[in-house]
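Undergrad: Just dropping this structure here.
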Amino acid sequence: MSDKIRLEMTVNGQSHSADVEPRTLLVHFLRDDLGLTGTNVGCDTSSCGACTIHIDGESAKSCTMLAAQARGANITTIEGLAVSGELHPMQQAFMECHGLQCGYCTPGMVMAATSLLNENPKPSEHEVREGLEGNLCRCTGYHNIVKAVLSASGQSAQGGGA
Amino acid sequence: MTVVGTRKLRKEDPKLLTGEGKYVDDIHVPGELWMGMVRSTMAHARITGVDTSAAAAMDGVHAVYTGTELSEMGLWAAPLPCAWPVTEDMVNPPHYPAATDEAHHVGEIIAVVLADSRYGAADAAEEVVVDYEPLKAVASVAQARDGADTAHSEHSTNKAYTWALIPDPEALDSAFANAVHTVEADFVQQRLIPTAMEPRGVLAIPSPAGGEITLYSATQVPHILKVMIAATTGLPESKLRIIAPAVGGGFGAKLNVNPDELLAVTLANKLGRAVRWTETRSEAAFSTHQGRGQLQKIELAADSEGKLQGVRVHLDADMGAYMMLITPGVPLLGSFLYTGVYDVPAFGFTCDGYFTNLTPTDAYRGAGRPEASYAIERAMDLLANKIGVAPEEIRRRNYLAGGREFENLETASTLVFDSGNYTPNLDAALEMADMNALRAEQTRRREAGETKHLGIGLCTYVEICGLAPSRALAGLNYGAGGWEHAVVRFLPTGKVEVVSGSTPHGQGHETSWSMIVADKLGIDPDDVTVLHSDTAISPLGLDTYGSRSLSVGGVAIAMACDKVVDKAREIAAHQMEANPDDLDFAAGSFTVKGSPDKTLPIQAVAFGAFTAHNLPDGMEPNLQEQVSFDPPNFAFPFGTHVAVVEVDEDTGGVELIDYIAIDDCGTQVNPLIVEGQVHGGIVQGVAQALWEEASYDSDGNCRNPSLLDYLVPSAMEVPFMKLGSTVTPSTSNPLGVKGVGEAGTIGSAAAVINAVCDALRPYGIDDIEMPATPARVWRMIQAAKAAQNGEG
């Protein structure tokens, strides 16, 4: 195997440096090298979004890029979202709206949703659905996820029912 | 104040929301080896050579074993288990974790590699060279039935079994002979890839001195797995510990005993090193069983008013290449439900199971019941059309007990339905859907000649859950019982631990069980900790599937609480110097009747039971009780689903624009969780109706194994759903609960296809195969238009 390369990046406010195989996917670097296993892998085609993180403030699927491409980047994973034990408002909204069941898609879903609200603080229901199109969930039928995102944006979910 | 019935938020969530939930692939131990699978690239072939030399020579590769070598290593005491030999003469070809001389489906394991890293294992598996001599593949159940080629070359037929349930053949023949109206329909239940978001994975860890193995597996069934691993490997069951850590969804797909689980355990035991494997998503189409896969024929006999006189059903069921844990039984789980919620005097069901050279089938959300519900509910719409009444009217005319509330009613399919009250449930759905307004809008569009047609589809389902009374399972030749076990104990400080034999993977058991216990013991639900899914902590259990956890496992917990209170009453009476019968227990305290100031909290009783300083003579210390609950009957939830679709005649696109579901799962413990289960279930059924299908070519290759091509719906494809409920308590258990894990899926596929057909009725189209893709719908519209224009 080819020689390892040196990487430096900031993850959840901490700087890391490590030597990795050049082909290492970012998600595997986060999970297997840094032990940040909250970021999940649900597919091998960049389809499911379970691995969604923030790179320099924007959401990205961490299975779709090499760790080397994130050299020098500022990364936030699900582990970095809650501040001093307080759930992030999006995490809180997911809990209050029962927006998760098995929890496997949840970290990616929450990271995608927070990024969505950063770009569009008051999205319509349609915009929420469109914004989460790259994140698959098999448990919730998306009903309570969409409700949670609307709720986190300070809007009630019209048609979202009880 | 009672907690049961409230929308309590889940105690599982904070961990899962912050990334602290530990799934199998998140757990690592030093020295672990990564297993990589060399899988057959052919659906049916003789294996004429396996060259492992290049792989074995790679850096970081510890070992490479072919199927033959594994067999010669003496790792297997028995083939992979099938716990449900449905007939005495069922054909069940030996199925070992790796093939030796003949591969029977694409993806069957031919060799395994063990390497130091995730990527190293994948690289090494690529380097193993397999020589094949191709054999003709049986690539569909229709081809299997024709029988010109056999999926196993040693077989002369592909038929595995014929199973029949015809309680009164003469009555059935007579019903059809005397029918005024008959309906005959053929439906295809396409194969589905279950696609729990967490892929399956294993990590087997040997004890340092050898002899003991801990297996972490992404499984729904750690208890069943433990028994089966012992039986198939010969390892002593007492040396096995199975842990299902956080499990990312199951839907039946994690209800099995898989080659990878057996390989990890036996190789870890042999090598003295931990062995791990996580399937990739595209591998899962081959390494995890699939769902459905049936050709259905249903016939209805009715009188002049559309009142059913008989229902006759035949299935040709696709087993896939091998019998997995309950493969042959899945179609039979639905057999009892082909009469639906209807009063049917005569019933007959037959099923032929066939082998194909495809990934094995087994349980997938609903397991036999969505198929049954689909067939009868589609057929009822065809009957309604035939006699010219509305779908709701044909249902009203046929409801069991005339649509009135009933308890313990025997049906033609030989089951006793615990309770039902169908008319108010239907009325609630029609009202919530505003059916009259929908029909008016449909008519308006048709009269205006609009090209987006509105379709309204109804499904009034019933399902069986609470699997199961053990004696009933014996009658079906199932290899185990259906009880569930629970332990409830007070800790010295007044906190409560519950040990549950049910094993959640998203259902929120920790929350729901805490609520049941809180009410029973009069304590705060946050003072209850639920332990589960580890056979060392919860040695007795039969796990989670078939919507059984609450109606069997939850009931066991409630009954164990009652026993705890009974013992606590004895202790309290002793300490309060009163007669046990003179004590009231409410809100967590014992009070002497008539002396409200003389009270003793149950936590104080628990501490007294722990110190054992002052117990009644002969009483054992501690406050801990256990119950194995074997339900006297199944539970039969029901409901009415209404799907509203828009079909674009120009594109064939079907959009689900509204969905109404009124489900009756008996008493609800946590309506928030109930709704979540229904939401997810509905979308899985909608997905079968509109998008999902494991598609195979004529050589038995799956054409869409990845999520690029297998169309699991996103948030864009579905609307907000409108849910309501009626509550008809079950008579099968003291909580009155039924089950709701599969209900959504059981109701939704039929509702959606009924809606699509309703939209296309002006074209004379009365059936469409699932999934109703735009291409399929568009072609049917074009053909219908051509026929209507006399060009056909």
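Identifiers in this document derive from the order of the structure tokens: chains are assigned A, B, ..., residues are numbered from 1 separately in each chain, and ligands are numbered from 1 in order of occurrence.
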Leaving out region 18-30 of chain A and any residue of its chain fewer than 3 positions from it, which residues lie within 7 Å of it when counting only C-alpha atoms, given as a list of chain:residue names?
TA: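 Surrounding residues, per the criterion: A:Ser2, A:Asp3, A:Lys4, A:Ile5, A:Arg6, A:Leu7, A:Glu8, A:Asp33, A:Leu34, A:Gly35, A:Leu36, A:Cys51, A:Ser62, A:Cys63, A:Met65, A:Leu66, A:Ala67, A:Ala68.
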Undergrad: Counting only C-alpha atoms, which residues from chain A have an atom at most 7 Å from any atom of chain B, and could you show them as a ChimeraX atom specification?
TA: /A:37-39,42-45,47,78-79,91,95-96,101-107,129-130,132-133,135-143,159-161
Undergrad: Those same residues, written as a compact mmCIF listing (two decimals), in the first residue's frame with C-alpha atoms?
TA:
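Result went into out-v4.txt, see below:
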# COMPACT_ATOMS: atom_id res chain seq x y z
CA THR A 37 -18.46 7.04 15.78
CA GLY A 38 -21.55 9.22 15.88
CA THR A 39 -21.14 9.79 12.16
CA GLY A 42 -25.48 3.66 5.72
CA CYS A 43 -24.49 3.12 2.10
CA ASP A 44 -21.63 3.04 -0.35
CA THR A 45 -23.00 5.33 -3.02
CA SER A 47 -27.09 8.17 -1.27
CA ILE A 78 -22.68 15.28 15.72
CA GLU A 79 -20.46 14.99 18.79
CA GLN A 91 -31.44 17.98 18.65
CA MET A 95 -36.49 14.74 20.65
CA GLU A 96 -39.66 16.72 21.26
CA GLN A 101 -36.54 5.89 16.22
CA CYS A 102 -33.52 3.64 15.67
CA GLY A 103 -31.29 6.70 15.59
CA TYR A 104 -28.98 5.54 12.83
CA CYS A 105 -29.82 8.23 10.28
CA THR A 106 -30.25 10.78 13.05
CA PRO A 107 -26.76 12.31 13.32
CA ARG A 129 -38.29 18.11 2.38
CA GLU A 130 -36.15 19.25 -0.52
CA LEU A 132 -33.32 16.71 3.39
CA GLU A 133 -33.70 14.81 0.13
CA ASN A 135 -30.81 11.89 3.83
CA LEU A 136 -32.72 8.64 4.04
CA CYS A 137 -34.64 7.39 7.05
CA ARG A 138 -36.42 4.04 7.17
CA CYS A 139 -38.21 4.43 10.51
CA THR A 140 -40.13 7.69 10.66
CA GLY A 141 -41.68 8.17 7.23
CA TYR A 142 -40.06 11.63 7.61
CA HIS A 143 -43.26 12.98 9.19
CA GLY A 159 -50.64 19.55 8.46
CA GLY A 160 -48.12 17.92 10.74
CA GLY A 161 -50.92 16.87 12.99
Undergrad: With distances taken over only C-alpha atoms, which residue among A:Asn40, A:Thr64, A:Ser156, A:Gln14 lies nearest Gly108 (chain A)?
TA: A:Asn40
Undergrad: Residues of region 53-162 of chain A in strand (DSSP E or B) according to DSSP, as a PyMOL selection string?
TA: chain A and resi 53-55+58-61+66+74-76+83+86
Undergrad: Deliver the residues from the most recent selection as a file, using C-alpha atoms, as an mmCIF file, in the first residue's frame.
TA:
data_model
loop_
_atom_site.group_PDB
_atom_site.id
_atom_site.type_symbol
_atom_site.label_atom_id
_atom_site.label_comp_id
_atom_site.auth_asym_id
_atom_site.auth_seq_id
_atom_site.Cartn_x
_atom_site.Cartn_y
_atom_site.Cartn_z
ATOM 1 C CA ILE A 53 -21.087 16.471 8.804
ATOM 2 C CA HIS A 54 -20.222 20.149 8.538
ATOM 3 C CA ILE A 55 -17.047 21.178 6.772
ATOM 4 C CA GLU A 58 -21.481 23.608 5.276
ATOM 5 C CA SER A 59 -23.008 20.159 5.231
ATOM 6 C CA ALA A 60 -21.163 17.444 3.355
ATOM 7 C CA LYS A 61 -21.350 13.684 3.080
ATOM 8 C CA LEU A 66 -11.096 11.560 1.077
ATOM 9 C CA ASN A 74 -12.746 22.947 10.288
ATOM 10 C CA ILE A 75 -15.101 20.052 10.820
ATOM 11 C CA THR A 76 -18.102 19.626 13.082
ATOM 12 C CA VAL A 83 -22.556 22.635 23.824
ATOM 13 C CA GLU A 86 -27.056 21.222 26.377
#
Undergrad: Apply DSSP to the backbone of this structure and, from region 12-90 of chain A, keep only the residues in helix (DSSP H, G or I); write these as a compact mmCIF listing (two decimals) with N, CA and C atoms, in the first residue's frame.
TA:
# COMPACT_ATOMS: atom_id res chain seq x y z
N LEU A 26 -12.97 10.22 4.42
CA LEU A 26 -13.09 11.10 5.58
C LEU A 26 -13.91 10.44 6.69
N VAL A 27 -15.00 9.79 6.30
CA VAL A 27 -15.86 9.19 7.33
C VAL A 27 -15.11 8.11 8.10
N HIS A 28 -14.28 7.35 7.42
CA HIS A 28 -13.53 6.31 8.13
C HIS A 28 -12.42 6.92 8.98
N PHE A 29 -11.86 8.02 8.54
CA PHE A 29 -10.88 8.72 9.38
C PHE A 29 -11.54 9.20 10.67
N LEU A 30 -12.71 9.80 10.53
CA LEU A 30 -13.42 10.29 11.72
C LEU A 30 -13.79 9.14 12.64
N ARG A 31 -14.29 8.08 12.08
CA ARG A 31 -14.79 6.96 12.88
C ARG A 31 -13.67 6.09 13.44
N ASP A 32 -12.81 5.63 12.53
CA ASP A 32 -11.84 4.60 12.93
C ASP A 32 -10.58 5.22 13.53
N ASP A 33 -10.16 6.38 13.06
CA ASP A 33 -8.93 6.99 13.58
C ASP A 33 -9.21 7.90 14.77
N ALA A 67 -10.23 11.78 3.27
CA ALA A 67 -9.78 12.56 4.43
C ALA A 67 -8.79 13.63 3.97
N ALA A 68 -7.97 13.28 2.99
CA ALA A 68 -6.95 14.22 2.51
C ALA A 68 -7.56 15.49 1.95
N GLN A 69 -8.77 15.36 1.41
CA GLN A 69 -9.41 16.56 0.85
C GLN A 69 -9.88 17.51 1.94
N ALA A 70 -9.93 17.03 3.16
CA ALA A 70 -10.37 17.88 4.27
C ALA A 70 -9.17 18.44 5.04
N ILE A 78 -21.56 15.29 14.77
CA ILE A 78 -22.68 15.28 15.72
C ILE A 78 -22.19 15.44 17.15
N GLU A 79 -21.00 14.90 17.42
CA GLU A 79 -20.46 14.99 18.79
C GLU A 79 -20.15 16.43 19.18
N GLY A 80 -20.01 17.29 18.18
CA GLY A 80 -19.64 18.68 18.47
C GLY A 80 -20.81 19.63 18.48
N PRO A 89 -30.60 23.22 19.67
CA PRO A 89 -32.05 23.34 19.44
C PRO A 89 -32.59 22.33 18.42
N MET A 90 -31.78 21.96 17.44
CA MET A 90 -32.24 20.97 16.46
C MET A 90 -32.35 19.59 17.11
Undergrad: Near Ile753 (chain B), within 9 Å and counting only C-alpha atoms, which residues show up once chain neighbours fewer than 6 positions away are dropped, as a PyMOL selection string?
TA: chain B and resi 374+378+457+643+686+689-690+767-772
Undergrad: Kindly export the residues of the current selection with all heavy atoms, as an mmCIF file, in the first residue's frame.
TA:
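And here's result_15.cif as it stands now:
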data_model
loop_
_atom_site.group_PDB
_atom_site.id
_atom_site.type_symbol
_atom_site.label_atom_id
_atom_site.label_comp_id
_atom_site.auth_asym_id
_atom_site.auth_seq_id
_atom_site.Cartn_x
_atom_site.Cartn_y
_atom_site.Cartn_z
ATOM 1 N N TYR B 374 -53.083 -7.046 1.073
ATOM 2 C CA TYR B 374 -53.090 -6.503 -0.285
ATOM 3 C C TYR B 374 -54.063 -7.284 -1.167
ATOM 4 O O TYR B 374 -54.898 -6.705 -1.861
ATOM 5 C CB TYR B 374 -51.678 -6.572 -0.868
ATOM 6 C CG TYR B 374 -51.554 -5.953 -2.240
ATOM 7 C CD1 TYR B 374 -51.362 -4.585 -2.380
ATOM 8 C CD2 TYR B 374 -51.645 -6.730 -3.391
ATOM 9 C CE1 TYR B 374 -51.260 -4.002 -3.633
ATOM 10 C CE2 TYR B 374 -51.546 -6.162 -4.641
ATOM 11 C CZ TYR B 374 -51.352 -4.795 -4.762
ATOM 12 O OH TYR B 374 -51.255 -4.222 -6.005
ATOM 13 N N ARG B 378 -57.427 -5.514 -2.447
ATOM 14 C CA ARG B 378 -57.517 -5.227 -3.887
ATOM 15 C C ARG B 378 -58.735 -5.948 -4.472
ATOM 16 O O ARG B 378 -59.475 -5.403 -5.281
ATOM 17 C CB ARG B 378 -56.236 -5.695 -4.599
ATOM 18 C CG ARG B 378 -54.992 -4.865 -4.330
ATOM 19 C CD ARG B 378 -55.002 -3.541 -5.118
ATOM 20 N NE ARG B 378 -55.085 -3.789 -6.543
ATOM 21 C CZ ARG B 378 -56.126 -3.430 -7.298
ATOM 22 N NH1 ARG B 378 -57.152 -2.798 -6.762
ATOM 23 N NH2 ARG B 378 -56.126 -3.697 -8.586
ATOM 24 N N GLY B 457 -58.083 5.667 -2.520
ATOM 25 C CA GLY B 457 -58.020 4.231 -2.261
ATOM 26 C C GLY B 457 -58.220 3.917 -0.793
ATOM 27 O O GLY B 457 -57.728 4.623 0.091
ATOM 28 N N ALA B 643 -55.683 6.391 0.966
ATOM 29 C CA ALA B 643 -54.617 7.035 0.203
ATOM 30 C C ALA B 643 -55.238 7.908 -0.872
ATOM 31 O O ALA B 643 -56.220 7.509 -1.503
ATOM 32 C CB ALA B 643 -53.714 5.990 -0.440
ATOM 33 N N VAL B 686 -46.116 2.185 1.197
ATOM 34 C CA VAL B 686 -46.234 3.062 0.030
ATOM 35 C C VAL B 686 -45.056 2.811 -0.916
ATOM 36 O O VAL B 686 -45.206 2.767 -2.139
ATOM 37 C CB VAL B 686 -46.268 4.550 0.460
ATOM 38 C CG1 VAL B 686 -46.194 5.469 -0.757
ATOM 39 C CG2 VAL B 686 -47.523 4.848 1.275
ATOM 40 N N ALA B 689 -45.653 -0.095 -2.995
ATOM 41 C CA ALA B 689 -46.670 0.176 -4.006
ATOM 42 C C ALA B 689 -46.108 0.992 -5.174
ATOM 43 O O ALA B 689 -46.484 0.757 -6.327
ATOM 44 C CB ALA B 689 -47.848 0.914 -3.373
ATOM 45 N N LEU B 690 -45.210 1.917 -4.869
ATOM 46 C CA LEU B 690 -44.834 2.886 -5.906
ATOM 47 C C LEU B 690 -43.393 2.824 -6.396
ATOM 48 O O LEU B 690 -43.117 3.236 -7.519
ATOM 49 C CB LEU B 690 -45.125 4.310 -5.407
ATOM 50 C CG LEU B 690 -46.594 4.640 -5.125
ATOM 51 C CD1 LEU B 690 -46.728 6.080 -4.646
ATOM 52 C CD2 LEU B 690 -47.456 4.412 -6.369
ATOM 53 N N ASP B 767 -56.314 -2.834 -12.691
ATOM 54 C CA ASP B 767 -55.204 -3.373 -11.904
ATOM 55 C C ASP B 767 -53.892 -2.870 -12.478
ATOM 56 O O ASP B 767 -53.787 -2.602 -13.677
ATOM 57 C CB ASP B 767 -55.212 -4.911 -11.909
ATOM 58 C CG ASP B 767 -54.219 -5.475 -10.878
ATOM 59 O OD1 ASP B 767 -53.989 -4.805 -9.855
ATOM 60 O OD2 ASP B 767 -53.684 -6.574 -11.108
ATOM 61 N N ILE B 768 -52.926 -2.737 -11.604
ATOM 62 C CA ILE B 768 -51.575 -2.377 -12.032
ATOM 63 C C ILE B 768 -50.599 -3.056 -11.098
ATOM 64 O O ILE B 768 -50.839 -3.155 -9.899
ATOM 65 C CB ILE B 768 -51.374 -0.847 -12.068
ATOM 66 C CG1 ILE B 768 -50.011 -0.516 -12.679
ATOM 67 C CG2 ILE B 768 -51.515 -0.224 -10.690
ATOM 68 C CD1 ILE B 768 -49.939 0.886 -13.205
ATOM 69 N N GLU B 769 -49.523 -3.557 -11.668
ATOM 70 C CA GLU B 769 -48.554 -4.295 -10.876
ATOM 71 C C GLU B 769 -47.706 -3.332 -10.054
ATOM 72 O O GLU B 769 -47.408 -2.220 -10.502
ATOM 73 C CB GLU B 769 -47.668 -5.099 -11.838
ATOM 74 C CG GLU B 769 -47.021 -6.315 -11.220
ATOM 75 C CD GLU B 769 -46.308 -7.159 -12.280
ATOM 76 O OE1 GLU B 769 -46.990 -7.678 -13.188
ATOM 77 O OE2 GLU B 769 -45.083 -7.262 -12.200
ATOM 78 N N MET B 770 -47.317 -3.806 -8.888
ATOM 79 C CA MET B 770 -46.392 -3.009 -8.063
ATOM 80 C C MET B 770 -44.954 -3.247 -8.529
ATOM 81 O O MET B 770 -44.633 -4.370 -8.925
ATOM 82 C CB MET B 770 -46.520 -3.408 -6.597
ATOM 83 C CG MET B 770 -47.883 -3.124 -5.988
ATOM 84 S SD MET B 770 -47.900 -3.387 -4.189
ATOM 85 C CE MET B 770 -47.747 -5.174 -4.064
ATOM 86 N N PRO B 771 -44.078 -2.281 -8.419
ATOM 87 C CA PRO B 771 -44.367 -0.889 -8.085
ATOM 88 C C PRO B 771 -44.972 -0.156 -9.276
ATOM 89 O O PRO B 771 -44.551 -0.389 -10.411
ATOM 90 C CB PRO B 771 -42.980 -0.317 -7.739
ATOM 91 C CG PRO B 771 -42.018 -1.144 -8.526
ATOM 92 C CD PRO B 771 -42.631 -2.518 -8.634
ATOM 93 N N ALA B 772 -45.930 0.706 -8.995
ATOM 94 C CA ALA B 772 -46.599 1.463 -10.042
ATOM 95 C C ALA B 772 -45.702 2.626 -10.458
ATOM 96 O O ALA B 772 -45.924 3.778 -10.103
ATOM 97 C CB ALA B 772 -47.967 1.954 -9.567
#
Undergrad: Taking 2 positions as the minimum chain separation for residues in the same chain, which residues sit within 12 Å of Ala231 (chain B) when counting only C-alpha atoms? Answer as a list of chain:residue names.
TA: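 With the cut-off at 12 Å, the set is B:Leu75, B:Trp76, B:Ala77, B:Ala78, B:Pro79, B:Leu80, B:Pro81, B:Cys82, B:Ala83, B:Ile224, B:Leu225, B:Lys226, B:Val227, B:Met228, B:Ile229, B:Thr233, B:Gly234, B:Leu235, B:Pro236, B:Glu237, B:Ser238, B:Leu240, B:Val257, B:Leu262.
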Undergrad: Go ahead and save the residues from that selection, with N, CA and C atoms, as an mmCIF file, in the first residue's frame.
TA:
data_model
loop_
_atom_site.group_PDB
_atom_site.id
_atom_site.type_symbol
_atom_site.label_atom_id
_atom_site.label_comp_id
_atom_site.auth_asym_id
_atom_site.auth_seq_id
_atom_site.Cartn_x
_atom_site.Cartn_y
_atom_site.Cartn_z
ATOM 1 N N LEU B 75 -15.804 -26.830 11.528
ATOM 2 C CA LEU B 75 -16.425 -25.729 12.270
ATOM 3 C C LEU B 75 -17.930 -25.921 12.435
ATOM 4 N N TRP B 76 -18.521 -26.739 11.593
ATOM 5 C CA TRP B 76 -19.986 -26.799 11.592
ATOM 6 C C TRP B 76 -20.489 -28.126 12.149
ATOM 7 N N ALA B 77 -21.355 -28.038 13.126
ATOM 8 C CA ALA B 77 -22.021 -29.236 13.648
ATOM 9 C C ALA B 77 -23.301 -29.518 12.876
ATOM 10 N N ALA B 78 -23.845 -28.491 12.241
ATOM 11 C CA ALA B 78 -25.103 -28.623 11.503
ATOM 12 C C ALA B 78 -25.192 -27.458 10.530
ATOM 13 N N PRO B 79 -26.025 -27.603 9.492
ATOM 14 C CA PRO B 79 -26.212 -26.480 8.571
ATOM 15 C C PRO B 79 -26.917 -25.308 9.253
ATOM 16 N N LEU B 80 -26.978 -24.191 8.536
ATOM 17 C CA LEU B 80 -27.756 -23.049 9.030
ATOM 18 C C LEU B 80 -29.181 -23.504 9.299
ATOM 19 N N PRO B 81 -29.777 -22.979 10.356
ATOM 20 C CA PRO B 81 -31.067 -23.521 10.787
ATOM 21 C C PRO B 81 -32.267 -22.951 10.043
ATOM 22 N N CYS B 82 -33.245 -23.807 9.837
ATOM 23 C CA CYS B 82 -34.588 -23.368 9.477
ATOM 24 C C CYS B 82 -35.486 -23.825 10.621
ATOM 25 N N ALA B 83 -36.038 -22.860 11.335
ATOM 26 C CA ALA B 83 -36.825 -23.191 12.529
ATOM 27 C C ALA B 83 -38.270 -23.518 12.197
ATOM 28 N N ILE B 224 -32.489 -15.996 20.278
ATOM 29 C CA ILE B 224 -32.630 -17.068 19.295
ATOM 30 C C ILE B 224 -31.268 -17.369 18.678
ATOM 31 N N LEU B 225 -30.511 -16.327 18.420
ATOM 32 C CA LEU B 225 -29.182 -16.493 17.819
ATOM 33 C C LEU B 225 -28.289 -17.348 18.703
ATOM 34 N N LYS B 226 -28.379 -17.130 19.991
ATOM 35 C CA LYS B 226 -27.520 -17.882 20.922
ATOM 36 C C LYS B 226 -27.811 -19.383 20.822
ATOM 37 N N VAL B 227 -29.078 -19.730 20.865
ATOM 38 C CA VAL B 227 -29.459 -21.146 20.762
ATOM 39 C C VAL B 227 -28.979 -21.720 19.431
ATOM 40 N N MET B 228 -29.193 -20.963 18.381
ATOM 41 C CA MET B 228 -28.902 -21.473 17.044
ATOM 42 C C MET B 228 -27.400 -21.557 16.781
ATOM 43 N N ILE B 229 -26.638 -20.630 17.318
ATOM 44 C CA ILE B 229 -25.182 -20.719 17.138
ATOM 45 C C ILE B 229 -24.666 -21.964 17.852
ATOM 46 N N THR B 233 -22.823 -24.759 15.590
ATOM 47 C CA THR B 233 -21.357 -24.828 15.716
ATOM 48 C C THR B 233 -20.923 -25.900 16.700
ATOM 49 N N GLY B 234 -21.837 -26.351 17.547
ATOM 50 C CA GLY B 234 -21.449 -27.305 18.577
ATOM 51 C C GLY B 234 -20.764 -26.649 19.768
ATOM 52 N N LEU B 235 -20.592 -25.323 19.738
ATOM 53 C CA LEU B 235 -20.031 -24.644 20.912
ATOM 54 C C LEU B 235 -21.072 -24.702 22.031
ATOM 55 N N PRO B 236 -20.630 -24.889 23.267
ATOM 56 C CA PRO B 236 -21.618 -24.967 24.352
ATOM 57 C C PRO B 236 -22.388 -23.648 24.480
ATOM 58 N N GLU B 237 -23.695 -23.760 24.577
ATOM 59 C CA GLU B 237 -24.515 -22.551 24.672
ATOM 60 C C GLU B 237 -24.104 -21.710 25.881
ATOM 61 N N SER B 238 -23.670 -22.381 26.939
ATOM 62 C CA SER B 238 -23.298 -21.672 28.167
ATOM 63 C C SER B 238 -22.020 -20.858 27.995
ATOM 64 N N LEU B 240 -21.515 -18.997 25.279
ATOM 65 C CA LEU B 240 -21.815 -17.952 24.300
ATOM 66 C C LEU B 240 -22.539 -16.796 24.973
ATOM 67 N N VAL B 257 -30.358 -16.072 11.287
ATOM 68 C CA VAL B 257 -29.075 -16.645 11.688
ATOM 69 C C VAL B 257 -28.265 -16.697 10.398
ATOM 70 N N LEU B 262 -21.993 -16.925 11.997
ATOM 71 C CA LEU B 262 -21.360 -18.207 12.319
ATOM 72 C C LEU B 262 -19.871 -18.189 11.980
#
Undergrad: Taking only C-alpha atoms into account, which of A:Ala152, A:Val11, A:Ala157, A:Cys97 comes nearest Glu125 (chain A)?
TA: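 Using only C-alpha atoms, Glu125 (chain A) sits closest to A:Ala157.
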Undergrad: Neighbours of Arg365 (chain B) within 10 Å (only C-alpha atoms; same-chain residues fewer than 3 positions away dropped), as a ChimeraX atom specification?
TA: /B:194,250-253,291-292,368-370,545-547,681,684-685,741-746
Undergrad: With a distance cut-off of 8 Å and only C-alpha atoms, select the neighbouring residues of Glu133 (chain B), excluding the residue or stretch itself and same-chain residues fewer than 2 positions from it, and output the selection as a short mmCIF file (atom, residue, chain, number, x, y, z; two decimals) with all heavy atoms, in the first residue's frame.
TA:
data_model
loop_
_atom_site.label_atom_id
_atom_site.label_comp_id
_atom_site.auth_asym_id
_atom_site.auth_seq_id
_atom_site.Cartn_x
_atom_site.Cartn_y
_atom_site.Cartn_z
N ALA B 45 -23.76 -21.95 -10.32
CA ALA B 45 -22.54 -22.40 -10.99
C ALA B 45 -21.85 -23.44 -10.14
O ALA B 45 -21.95 -23.45 -8.92
CB ALA B 45 -21.59 -21.22 -11.22
N ARG B 46 -21.14 -24.34 -10.84
CA ARG B 46 -20.22 -25.22 -10.12
C ARG B 46 -18.95 -24.45 -9.86
O ARG B 46 -18.48 -23.70 -10.72
CB ARG B 46 -19.93 -26.47 -10.96
CG ARG B 46 -20.69 -27.69 -10.47
CD ARG B 46 -20.28 -28.95 -11.18
NE ARG B 46 -21.09 -29.19 -12.38
CZ ARG B 46 -22.36 -29.57 -12.33
NH1 ARG B 46 -22.98 -29.76 -11.17
NH2 ARG B 46 -23.04 -29.77 -13.44
N ILE B 47 -18.43 -24.62 -8.67
CA ILE B 47 -17.17 -23.96 -8.32
C ILE B 47 -16.06 -24.95 -8.66
O ILE B 47 -15.95 -26.01 -8.04
CB ILE B 47 -17.14 -23.61 -6.82
CG1 ILE B 47 -18.31 -22.68 -6.48
CG2 ILE B 47 -15.81 -22.96 -6.45
CD1 ILE B 47 -18.62 -22.62 -5.00
N THR B 48 -15.26 -24.61 -9.67
CA THR B 48 -14.25 -25.58 -10.13
C THR B 48 -12.86 -25.24 -9.61
O THR B 48 -11.95 -26.07 -9.71
CB THR B 48 -14.23 -25.64 -11.66
OG1 THR B 48 -14.03 -24.31 -12.16
CG2 THR B 48 -15.54 -26.19 -12.19
N ASP B 131 -12.98 -19.96 -10.13
CA ASP B 131 -13.36 -20.49 -11.44
C ASP B 131 -14.74 -21.11 -11.33
O ASP B 131 -15.00 -21.90 -10.41
CB ASP B 131 -12.35 -21.56 -11.89
CG ASP B 131 -11.02 -20.94 -12.26
OD1 ASP B 131 -11.01 -19.80 -12.78
OD2 ASP B 131 -9.98 -21.57 -11.99
N LEU B 135 -24.13 -22.80 -14.52
CA LEU B 135 -25.32 -23.64 -14.65
C LEU B 135 -26.50 -22.70 -14.90
O LEU B 135 -26.44 -21.51 -14.58
CB LEU B 135 -25.56 -24.44 -13.35
CG LEU B 135 -24.45 -25.44 -12.97
CD1 LEU B 135 -24.62 -25.91 -11.54
CD2 LEU B 135 -24.45 -26.61 -13.93
#
Undergrad: Please provide as a list in words all residues within 10 Å of Leu192 (chain B), with the sequence filter that same-chain residues fewer than 5 positions apart are discarded (counting only C-alpha atoms).
TA: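 Answer for this query is Ala285, His289, Gln290, Gly291, Arg292, Gly293, Thr361, Tyr364, Ala687, Gln688, Glu692, Glu693, Ala694, Ser695 and Tyr710 of chain B.
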